[in-house]
Each structure stands twice: as C-alpha cells, then as structure tokens.
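Chemist: Got a structure for you, questions after.
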Amino acid sequence: VQNDINVSARSVIRKQEKREIARKCAQLVQTGDSIFLDASTTDWCIAQELLEKNITVLTNSLKVADILSASASVKLILAGGNYAPRTRSFYGEQTVEDLSRYYADKAFISCRTVHMEFGATDSNEWDALTRRTMLRRSHSTYLLVDHSKLDGISFLNICPLESLTAIICDQPLSPPWQSHLKEIGVQSI
C-alpha cells in the first residue's frame, strides 16, 4: 500500500511529460486567479511556468513555495502541518485545516493512477485527503496525469472523474478514454 517513490526519483521520472502538462496548465491560469497546487513533482513544473503571473497560489508543497518565492508577482500561501522530507511537503490535520479556509478558482492536482470506473486514486492517505480538500474548495478542477498513470487503480480514492473539470495529459487520450470523458462531461486537454 505505501509504495511511494522517493521524491528525488519522481522529480526526474517522465520529466518531459511533466513539462508538457505544466505548459498546458499555465495556459489555463489567468491574471488574478487563485489556484491550489499540490505537492506533486508535476506541480513543481507548473510553478516554474507561473513565475511571471499575477496570481495567488495556495500549496502544501515546500518545493512549490521555494520555486514561487522567487516571483515578485505571485502571492504565495503555504499550508503548514507536519513536514514530510520524503515529499518535501506538509501533511496532516493542520494542513487540511489551513487549506479548508480558502476557496480557489482552480485546483491542479496529480494522483498515482486514474481509472475510468474508479476515478483518481493514490497510495498515501494524507496526500489523498489533501488533494480531496483542494478539489472540494475549487471552482475548476484539473487532474494532471502522464499516460503511464492511465487505467491503474491505487489503494485510496481521491475523486470520481465526474467531479473534475478536465484531465490534462501529456499526450492525447485513447478513443475509449475520450468517449468516456465526453459522456460524463469532463474535458480532455
């Protein structure tokens, strides 16, 4: 169940795919937006794309905060709690409580795996809860997945696909995926 890959390894796995997803996400962010970014390595790439934007970013990721701290135009809000060196992020009740104080225009979250029937899933309980909180507190919700995460199921549910605005993938989704998303009213970007 707890088979998380170390953040140092995750930061170099599928780096080009993450950059492609990050570019797509950055195009969705408008001046004045408030956005949630989770502690995924994909969101690290998104943070790098947002340095020049005049936005507010809420995150539990120390790495995202570190990247965005170099920006003069980004207002940064970091949710505290217990620190996990393994993910360079904060987790726990305090983190969820901090995030629950806010509503954002958009949430960009990742997951371990995504399945047509079972939705977005994860292997870490606190990561799943943090992501659920971000989704619940956002107007538009975006699930970020590279193609290797499709059709898998992990231990914990994050959300059903129907609750998402869109799935953002590094490459076009297969016809069955596109058809399913269209049927349930979720965009494929």
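Numbering starts fresh at 1 for the residues of each chain in the structure tokens, the chains themselves are lettered A, B, ... in the order given, and ligands are numbered from 1 as they appear.
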If we count only C-alpha atoms and set the cut-off at 6 Å, which residues sit around range 71-77 of chain A, ignoring sequence neighbours fewer than 2 positions away in its own chain? Please answer as a PyMOL selection string.
Modeler: chain A and resi 51+54-58+68-69
Chemist: Within range 53-178 of chain A, find each residue whose DSSP state, derived from the backbone, is alpha helix (DSSP H), and express the selection as an MDAnalysis selection string.
Modeler: chainID A and resid 62:68 93:99 125:136 175:178
Chemist: Got time to write the residues from that selection, C-alpha atoms, as an mmCIF file, in the first residue's frame?
Modeler:
data_model
loop_
_atom_site.group_PDB
_atom_site.id
_atom_site.type_symbol
_atom_site.label_atom_id
_atom_site.label_comp_id
_atom_site.auth_asym_id
_atom_site.auth_seq_id
_atom_site.Cartn_x
_atom_site.Cartn_y
_atom_site.Cartn_z
ATOM 1 C CA LEU A 62 7.717 23.364 0.265
ATOM 2 C CA LYS A 63 9.286 22.873 -3.177
ATOM 3 C CA VAL A 64 6.449 24.753 -4.942
ATOM 4 C CA ALA A 65 6.766 27.518 -2.348
ATOM 5 C CA ASP A 66 10.530 27.633 -2.853
ATOM 6 C CA ILE A 67 10.143 27.963 -6.635
ATOM 7 C CA LEU A 68 7.458 30.653 -6.386
ATOM 8 C CA GLU A 93 -4.847 17.768 10.148
ATOM 9 C CA GLN A 94 -3.239 21.217 10.286
ATOM 10 C CA THR A 95 -2.578 21.149 6.532
ATOM 11 C CA VAL A 96 -6.163 20.192 5.722
ATOM 12 C CA GLU A 97 -7.461 22.813 8.175
ATOM 13 C CA ASP A 98 -5.243 25.502 6.610
ATOM 14 C CA LEU A 99 -6.381 24.639 3.070
ATOM 15 C CA GLU A 125 -3.737 8.645 2.845
ATOM 16 C CA TRP A 126 -2.646 12.208 3.644
ATOM 17 C CA ASP A 127 -1.875 13.035 0.012
ATOM 18 C CA ALA A 128 -5.324 11.786 -0.991
ATOM 19 C CA LEU A 129 -7.031 13.805 1.760
ATOM 20 C CA THR A 130 -5.081 16.963 0.893
ATOM 21 C CA ARG A 131 -5.984 16.600 -2.775
ATOM 22 C CA ARG A 132 -9.651 15.962 -1.947
ATOM 23 C CA THR A 133 -9.675 19.150 0.120
ATOM 24 C CA MET A 134 -8.176 21.188 -2.719
ATOM 25 C CA LEU A 135 -10.742 19.803 -5.179
ATOM 26 C CA ARG A 136 -13.682 20.478 -2.853
ATOM 27 C CA PRO A 175 -10.632 6.966 -28.101
ATOM 28 C CA PRO A 176 -12.245 4.941 -25.263
ATOM 29 C CA TRP A 177 -10.987 7.492 -22.718
ATOM 30 C CA GLN A 178 -12.116 10.437 -24.847
#
Chemist: Calculated over only C-alpha atoms, which of the candidates A:Tyr102, A:Arg14, A:Phe118, A:Ile21 has the smallest distance to Gln171 in chain A?
Modeler: A:Ile21
Chemist: Name the residues in contact with Asn157 in chain A at a cut-off of 7 Å, using only C-alpha atoms, excluding same-chain residues fewer than 2 positions from it; report them as JSON, numbers by chain.
Modeler: {"A": [120, 121, 122, 155, 159]}
Chemist: Residues of the last selection are to be written out with C-alpha atoms, as a PDB file, in the first residue's frame.
Modeler:
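The result, stored in out.pdb:
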ATOM      1  CA  ALA A 120      -8.338   9.216  -9.412  1.00  0.00           C
ATOM      2  CA  THR A 121      -6.568   7.117  -6.792  1.00  0.00           C
ATOM      3  CA  ASP A 122      -3.472   7.393  -4.639  1.00  0.00           C
ATOM      4  CA  PHE A 155      -5.306   1.999  -2.671  1.00  0.00           C
ATOM      5  CA  CYS A 159     -12.300  11.609  -6.508  1.00  0.00           C
TER       6      CYS A 159
END
Chemist: Can you tell me which residues surround His147 in chain A at a distance of at most 10 Å, considering only C-alpha atoms, apart from same-chain residues fewer than 6 positions away, and format the answer as a list in words?
Modeler: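 Listed by chain and then number, they are Arg14, Glu17, Thr113, Val114, Ile168, Cys169, Asp170, Gln171, Pro172, Leu173 and Ser174 of chain A.
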Chemist: For N, CA, C and O atoms, I'd like the residues from the last selection saved as a PDB file, in the first residue's frame.
Modeler:
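Resulting contents of result.pdb:
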ATOM      1  N   ARG A  14       9.917  10.836 -16.139  1.00  0.00           N
ATOM      2  CA  ARG A  14       8.969  11.438 -17.086  1.00  0.00           C
ATOM      3  C   ARG A  14       9.004  12.973 -17.040  1.00  0.00           C
ATOM      4  O   ARG A  14       7.977  13.635 -17.052  1.00  0.00           O
ATOM      5  N   GLU A  17       7.327  14.780 -20.011  1.00  0.00           N
ATOM      6  CA  GLU A  17       5.870  14.684 -19.930  1.00  0.00           C
ATOM      7  C   GLU A  17       5.316  15.690 -18.929  1.00  0.00           C
ATOM      8  O   GLU A  17       4.301  16.347 -19.185  1.00  0.00           O
ATOM      9  N   THR A 113      -2.680   6.999  -9.868  1.00  0.00           N
ATOM     10  CA  THR A 113      -3.285   6.311 -11.003  1.00  0.00           C
ATOM     11  C   THR A 113      -4.679   6.859 -11.243  1.00  0.00           C
ATOM     12  O   THR A 113      -5.282   7.468 -10.361  1.00  0.00           O
ATOM     13  N   VAL A 114      -5.199   6.611 -12.451  1.00  0.00           N
ATOM     14  CA  VAL A 114      -6.557   7.036 -12.771  1.00  0.00           C
ATOM     15  C   VAL A 114      -7.213   5.950 -13.620  1.00  0.00           C
ATOM     16  O   VAL A 114      -6.593   5.373 -14.506  1.00  0.00           O
ATOM     17  N   ILE A 168      -5.764  16.625 -17.704  1.00  0.00           N
ATOM     18  CA  ILE A 168      -4.691  17.158 -18.535  1.00  0.00           C
ATOM     19  C   ILE A 168      -3.605  16.093 -18.614  1.00  0.00           C
ATOM     20  O   ILE A 168      -3.036  15.691 -17.596  1.00  0.00           O
ATOM     21  N   CYS A 169      -3.353  15.641 -19.831  1.00  0.00           N
ATOM     22  CA  CYS A 169      -2.396  14.560 -20.060  1.00  0.00           C
ATOM     23  C   CYS A 169      -1.308  15.039 -21.015  1.00  0.00           C
ATOM     24  O   CYS A 169      -1.518  15.978 -21.791  1.00  0.00           O
ATOM     25  N   ASP A 170      -0.166  14.392 -20.990  1.00  0.00           N
ATOM     26  CA  ASP A 170       0.955  14.764 -21.846  1.00  0.00           C
ATOM     27  C   ASP A 170       0.721  14.402 -23.305  1.00  0.00           C
ATOM     28  O   ASP A 170       1.361  14.948 -24.187  1.00  0.00           O
ATOM     29  N   GLN A 171      -0.196  13.491 -23.579  1.00  0.00           N
ATOM     30  CA  GLN A 171      -0.497  13.097 -24.950  1.00  0.00           C
ATOM     31  C   GLN A 171      -1.992  12.870 -25.091  1.00  0.00           C
ATOM     32  O   GLN A 171      -2.690  12.708 -24.086  1.00  0.00           O
ATOM     33  N   PRO A 172      -2.496  12.880 -26.321  1.00  0.00           N
ATOM     34  CA  PRO A 172      -3.937  12.678 -26.495  1.00  0.00           C
ATOM     35  C   PRO A 172      -4.397  11.352 -25.890  1.00  0.00           C
ATOM     36  O   PRO A 172      -3.704  10.337 -25.993  1.00  0.00           O
ATOM     37  N   LEU A 173      -5.546  11.391 -25.244  1.00  0.00           N
ATOM     38  CA  LEU A 173      -6.098  10.175 -24.648  1.00  0.00           C
ATOM     39  C   LEU A 173      -6.646   9.255 -25.731  1.00  0.00           C
ATOM     40  O   LEU A 173      -7.033   9.711 -26.816  1.00  0.00           O
ATOM     41  N   SER A 174      -6.719   7.984 -25.428  1.00  0.00           N
ATOM     42  CA  SER A 174      -7.225   6.994 -26.377  1.00  0.00           C
ATOM     43  C   SER A 174      -8.704   7.256 -26.669  1.00  0.00           C
ATOM     44  O   SER A 174      -9.396   7.882 -25.855  1.00  0.00           O
TER      45      SER A 174
END
Chemist: Looking at only C-alpha atoms, which of A:His139, A:Arg88, A:Lys24, A:Lys53 is the one that sits closest to Asp38 in chain A?
Modeler: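 Once distances to Asp38 in chain A are computed over only C-alpha atoms, the minimum belongs to A:Arg88.
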Chemist: Which of these, A:Ile184, A:Cys111, A:Ala70, A:Leu164, has the shortest distance to Lys149 in chain A once you count only C-alpha atoms?
Modeler: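 Checking each of A:Ile184, A:Cys111, A:Ala70, A:Leu164 against Lys149 in chain A, counting only C-alpha atoms, the winner is A:Cys111.
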Chemist: Select, from A:Glu117, A:Gly32, A:Cys25, A:Thr141, the residue with the minimum atom-to-atom distance to Trp44 in chain A, counting only C-alpha atoms.
Modeler: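 Using only C-alpha atoms, the shortest distance to Trp44 in chain A belongs to A:Cys25.
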Chemist: Which one of A:Ser89, A:Leu156, A:Ala26, A:Phe36 sits closest to Leu50 in chain A if you count only C-alpha atoms?
Modeler: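 Smallest separation from Leu50 in chain A among the options: A:Ala26.
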